Structure formats: structure tokens, C-alpha cells
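Enquirer: Structure provided below as C-alpha cells; questions to follow.
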Amino acid sequence: MLSHLFSKPAPGPVEFLIVGLGNPGKQYEGTRHNAGFLVLDTLAESMGVKMNRIKFKGLCGEGMLSEKKVLLLKPSTFMNLSGQSVREAMAFYKLPPERVLIVFDDISLPPGKLRIRRMGSDGGHNGMKNILYLSGKDTFPRIKVGVGAKPSPDWDLADWVMSRFTDKEAASLREAADHAAKACALIVDGKIDQAMNQFNA
């Protein structure tokens, strides 16, 4: 557990933003495209943070992680407009992209595998595409959560990312969410290299 890294929110400004990407609504719960939400829920639970404030076009909650005040954010804009939510929160707290960690699904990785990067392109992910477009920057640290490739070329990509995990895949995702939560703590602490060495597939 990460309990030694967490404590009650202290007064003062938010120093880091952690964003999990997904689609709001019951019909999207448990789908591949909502892997970012799963990680945020796991992190929030381990921090004792309730994600029940509606702000910045999303659901959010504040807490302490690695002795820094962080805001956890799940955009409610739907995936393709995620940048609207992220840009509002960044502007409000005057945070540079280097202190905005984005967690999202990646179909190029097997289910449950993680890939942590310091910066980079959108990789064809529509949520990241919108964030990079609206911010004009690509220097966001990110944690990509593997959700598996399409089982055959015939599958429509949108149908695939909206599909649900098998029981075996879901178990892998829960373990990945735990690892990603630990990686978040390291990244907020300025130890992204250690996070990459420890958790990258």
C-alpha cells in the first residue's frame, strides 16, 4: 500500500494535476477506453480522496501525494474533448504541462501492461490529441495503460475500445491500476525515471 505517501490535504495551491481519461456514464464503465478512469479511481481510493467535486468540466478531488498537493481529475467532456477540462484546470492553477500527468488507454500494449513516458505525440489517441491541440504543448508526462489490440482487422476501432474486458483481462487491469497508482506517486515526487524502470513493459 502507499499509505505512507498520503496525508490530509494541506492549505496552499495545487502543485500537480493527475488526469485520468475516459467517457462519463454508466454505459461506458468497465470499457477499454476508460482505463484512465480506473487508475484514477484506484489512486483516489488509496489516497482516501473522494472524487465528488464538479469543476473544470469534470469530477475532481484534492489530496496529498508524495508530500505534494495534487488534484485528481476525470474529465466529463467525453474523450474527444478532454483538452477542454485539462486546459481549464491548468489555467486555474497556473500549472505547466510538466506538472500535469495524463493516464489513458493504449491499444498497442497488451492488457495490463504500462508504458510511462516523459512527453511525446498523441499516439493516435483522441483524448491526448485534443489535450495537445488545445494546450499547444506535448511535454505532458503520461502513463499509458495497455488494453489490447483489436482481435482482427475487421473490428471497428471505436467498437473495440468501447468493448469490455474479459474476466482475465479485468484482473490484469486491476493489477495494472495498482502499479499505475504507485507510478503516479513516484512521478509527482520527481522520480519519473524510477517509475519507468520499475513499471514500463
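By convention in this document, the chains of the C-alpha cells carry letters A, B, ... by their order, each chain's residues are numbered from 1, and ligands are numbered from 1 in the order they are shown.
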Pick out the residues sitting within 12 Å of Pro11 in chain A, and hand them over as a list in words; count only C-alpha atoms, and ignore anything fewer than 5 positions along from it in its own chain.

Expert: Glu62, Gly63, Met64, Lys68, Lys69 and Val70 of chain A

Enquirer: Identify, on the basis of only C-alpha atoms, every residue whose closest approach to Leu132 in chain A does not exceed 10 Å; exclude the query and any residue fewer than 6 positions from it along the same chain; express the result as a JSON list (two decimals) with all heavy atoms, in the first residue's frame.

Expert:
```
[["chain", "number", "residue", "atom", "x", "y", "z"],
["A", 82, "SER", "N", -11.38, 16.04, -24.14],
["A", 82, "SER", "CA", -10.70, 16.01, -22.84],
["A", 82, "SER", "C", -9.88, 17.27, -22.59],
["A", 82, "SER", "O", -9.74, 17.72, -21.45],
["A", 82, "SER", "CB", -9.78, 14.80, -22.75],
["A", 82, "SER", "OG", -10.50, 13.59, -22.86],
["A", 83, "GLY", "N", -9.33, 17.84, -23.66],
["A", 83, "GLY", "CA", -8.48, 19.02, -23.51],
["A", 83, "GLY", "C", -9.18, 20.22, -22.92],
["A", 83, "GLY", "O", -8.54, 21.05, -22.27],
["A", 87, "ARG", "N", -7.32, 21.92, -19.89],
["A", 87, "ARG", "CA", -6.87, 23.30, -20.07],
["A", 87, "ARG", "C", -7.43, 24.22, -18.98],
["A", 87, "ARG", "O", -6.71, 25.08, -18.46],
["A", 87, "ARG", "CB", -7.30, 23.81, -21.45],
["A", 87, "ARG", "CG", -6.81, 25.22, -21.76],
["A", 87, "ARG", "CD", -7.12, 25.63, -23.19],
["A", 87, "ARG", "NE", -8.56, 25.64, -23.45],
["A", 87, "ARG", "CZ", -9.10, 26.05, -24.59],
["A", 87, "ARG", "NH1", -8.32, 26.44, -25.58],
["A", 87, "ARG", "NH2", -10.41, 26.03, -24.76],
["A", 97, "PRO", "N", 2.69, 22.00, -18.41],
["A", 97, "PRO", "CA", 2.40, 20.62, -18.79],
["A", 97, "PRO", "C", 3.25, 19.60, -18.03],
["A", 97, "PRO", "O", 2.79, 18.48, -17.78],
["A", 97, "PRO", "CB", 2.72, 20.58, -20.29],
["A", 97, "PRO", "CG", 2.62, 21.99, -20.75],
["A", 97, "PRO", "CD", 3.01, 22.84, -19.58],
["A", 120, "GLY", "N", 5.66, 13.36, -25.53],
["A", 120, "GLY", "CA", 5.52, 12.66, -26.80],
["A", 120, "GLY", "C", 4.28, 13.06, -27.56],
["A", 120, "GLY", "O", 3.54, 13.95, -27.15],
["A", 121, "SER", "N", 4.06, 12.38, -28.68],
["A", 121, "SER", "CA", 2.91, 12.66, -29.53],
["A", 121, "SER", "C", 1.65, 12.06, -28.92],
["A", 121, "SER", "O", 1.69, 11.41, -27.87],
["A", 121, "SER", "CB", 3.14, 12.06, -30.92],
["A", 121, "SER", "OG", 3.08, 10.65, -30.84],
["A", 122, "ASP", "N", 0.52, 12.25, -29.61],
["A", 122, "ASP", "CA", -0.75, 11.70, -29.10],
["A", 122, "ASP", "C", -0.87, 10.20, -29.36],
["A", 122, "ASP", "O", -1.75, 9.55, -28.80],
["A", 122, "ASP", "CB", -1.94, 12.44, -29.71],
["A", 122, "ASP", "CG", -1.96, 12.37, -31.23],
["A", 122, "ASP", "OD1", -1.98, 11.27, -31.78],
["A", 122, "ASP", "OD2", -1.97, 13.44, -31.87],
["A", 126, "ASN", "N", -7.41, 9.92, -29.28],
["A", 126, "ASN", "CA", -8.18, 11.16, -29.48],
["A", 126, "ASN", "C", -8.21, 12.07, -28.25],
["A", 126, "ASN", "O", -8.26, 13.29, -28.39],
["A", 126, "ASN", "CB", -9.61, 10.82, -29.91],
["A", 126, "ASN", "CG", -9.67, 10.34, -31.35],
["A", 126, "ASN", "OD1", -8.81, 10.68, -32.16],
["A", 126, "ASN", "ND2", -10.66, 9.54, -31.67],
["A", 138, "ASP", "N", 3.46, 19.34, -25.97],
["A", 138, "ASP", "CA", 3.46, 17.87, -25.94],
["A", 138, "ASP", "C", 4.31, 17.33, -24.79],
["A", 138, "ASP", "O", 4.70, 16.18, -24.76],
["A", 138, "ASP", "CB", 3.98, 17.30, -27.28],
["A", 138, "ASP", "CG", 5.44, 17.63, -27.54],
["A", 138, "ASP", "OD1", 6.07, 18.33, -26.71],
["A", 138, "ASP", "OD2", 5.97, 17.18, -28.58],
["A", 139, "THR", "N", 4.60, 18.22, -23.81],
["A", 139, "THR", "CA", 5.51, 17.87, -22.72],
["A", 139, "THR", "C", 4.79, 17.37, -21.47],
["A", 139, "THR", "O", 5.27, 17.55, -20.35],
["A", 139, "THR", "CB", 6.41, 19.07, -22.37],
["A", 139, "THR", "OG1", 5.58, 20.24, -22.20],
["A", 139, "THR", "CG2", 7.40, 19.33, -23.48],
["A", 140, "PHE", "N", 3.62, 16.75, -21.68],
["A", 140, "PHE", "CA", 2.89, 16.15, -20.56],
["A", 140, "PHE", "C", 3.47, 14.77, -20.25],
["A", 140, "PHE", "O", 3.52, 13.92, -21.14],
["A", 140, "PHE", "CB", 1.41, 15.96, -20.93],
["A", 140, "PHE", "CG", 0.65, 17.23, -21.16],
["A", 140, "PHE", "CD1", 0.62, 17.84, -22.41],
["A", 140, "PHE", "CD2", -0.06, 17.82, -20.13],
["A", 140, "PHE", "CE1", -0.09, 19.01, -22.63],
["A", 140, "PHE", "CE2", -0.78, 18.99, -20.34],
["A", 140, "PHE", "CZ", -0.80, 19.59, -21.59]]
```

Enquirer: For CA of Asp106 in chain A and CA of Ala195 in chain A, determine how far apart the two atoms are, in Å to one decimal place.

Expert: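 Calculated distance between CA of Asp106 in chain A and CA of Ala195 in chain A is 17.9 Å.
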
Enquirer: Between A:Lys191, A:Lys168, A:Lys74, A:His125, which residue has the minimum interatomic distance to Pro141 in chain A, considering only C-alpha atoms?

Expert: A:Lys191

Enquirer: May I have the residues within 12 Å of Ala180 in chain A as a PyMOL selection string, using only C-alpha atoms and disregarding those fewer than 4 positions away in the same chain?

Expert: chain A and resi 2+18+20+35-44+46+101-105+112-116+142-146+173-176+184-187+192+195-196+198-201

Enquirer: Between A:Val14, A:Cys60, A:Val100, A:Met47, which one has atoms that come closest to Leu73 in chain A, using only C-alpha atoms?

Expert: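 Between A:Val14, A:Cys60, A:Val100, A:Met47, the residue approaching Leu73 in chain A most closely is A:Cys60.
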
Enquirer: DSSP on the backbone, then: every residue of chain A marked alpha helix (DSSP H), written as an MDAnalysis selection string.

Expert: chainID A and resid 35:47 82:93 126:135 157:161 167:188 192:199

Enquirer: Tell me, as a short mmCIF file (atom, residue, chain, number, x, y, z; two decimals) with N, CA and C atoms, in the first residue's frame, which residues lie within 10 Å of range 156-166 of chain A, counting only C-alpha atoms; anything in the same chain fewer than 5 positions away does not count.

Expert:
```cif
data_model
loop_
_atom_site.label_atom_id
_atom_site.label_comp_id
_atom_site.auth_asym_id
_atom_site.auth_seq_id
_atom_site.Cartn_x
_atom_site.Cartn_y
_atom_site.Cartn_z
N ASN A 23 -14.75 8.09 -20.68
CA ASN A 23 -16.06 8.64 -21.03
C ASN A 23 -16.98 8.53 -19.82
N GLN A 27 -22.94 3.51 -19.08
CA GLN A 27 -22.78 2.62 -20.23
C GLN A 27 -21.32 2.44 -20.64
N TYR A 28 -20.43 3.32 -20.16
CA TYR A 28 -19.02 3.22 -20.52
C TYR A 28 -18.15 2.62 -19.42
N GLU A 29 -18.75 2.36 -18.26
CA GLU A 29 -17.98 1.80 -17.15
C GLU A 29 -17.41 0.44 -17.54
N GLY A 30 -16.15 0.23 -17.23
CA GLY A 30 -15.54 -1.06 -17.50
C GLY A 30 -15.11 -1.28 -18.93
N THR A 31 -15.21 -0.26 -19.78
CA THR A 31 -14.77 -0.41 -21.17
C THR A 31 -13.27 -0.11 -21.27
N ARG A 32 -12.68 -0.57 -22.38
CA ARG A 32 -11.23 -0.40 -22.57
C ARG A 32 -10.84 1.08 -22.58
N HIS A 33 -11.69 1.90 -23.17
CA HIS A 33 -11.37 3.33 -23.29
C HIS A 33 -11.38 4.03 -21.93
N ASN A 34 -11.90 3.38 -20.89
CA ASN A 34 -11.99 4.00 -19.57
C ASN A 34 -10.90 3.52 -18.61
N ALA A 35 -9.82 2.99 -19.15
CA ALA A 35 -8.73 2.53 -18.29
C ALA A 35 -8.16 3.68 -17.45
N ASP A 105 -5.69 4.91 -21.99
CA ASP A 105 -5.61 3.56 -22.56
C ASP A 105 -4.73 3.54 -23.81
N ASP A 106 -4.13 2.37 -24.07
CA ASP A 106 -3.29 2.20 -25.25
C ASP A 106 -3.53 0.82 -25.86
N ILE A 107 -4.01 0.80 -27.10
CA ILE A 107 -4.32 -0.49 -27.74
C ILE A 107 -3.06 -1.18 -28.27
N PRO A 111 -3.17 -6.11 -22.51
CA PRO A 111 -3.95 -5.71 -21.32
C PRO A 111 -3.12 -5.80 -20.05
N VAL A 147 -4.61 -2.01 -23.17
CA VAL A 147 -5.97 -2.59 -23.19
C VAL A 147 -6.11 -3.63 -24.30
N GLY A 148 -5.00 -3.91 -25.01
CA GLY A 148 -5.03 -4.95 -26.03
C GLY A 148 -5.39 -4.42 -27.41
N ALA A 149 -4.82 -5.08 -28.41
CA ALA A 149 -5.09 -4.70 -29.80
C ALA A 149 -6.39 -5.35 -30.28
N LYS A 150 -6.92 -4.82 -31.38
CA LYS A 150 -8.12 -5.41 -31.98
C LYS A 150 -7.84 -6.89 -32.30
N PRO A 151 -8.82 -7.78 -32.01
CA PRO A 151 -8.59 -9.21 -32.25
C PRO A 151 -8.46 -9.55 -33.73
N ALA A 171 -8.73 -8.71 -14.42
CA ALA A 171 -7.82 -8.96 -13.30
C ALA A 171 -6.46 -8.31 -13.57
N SER A 172 -5.99 -8.41 -14.83
CA SER A 172 -4.72 -7.77 -15.21
C SER A 172 -4.81 -6.26 -15.08
N LEU A 173 -5.98 -5.71 -15.44
CA LEU A 173 -6.17 -4.25 -15.36
C LEU A 173 -6.17 -3.77 -13.93
#
```
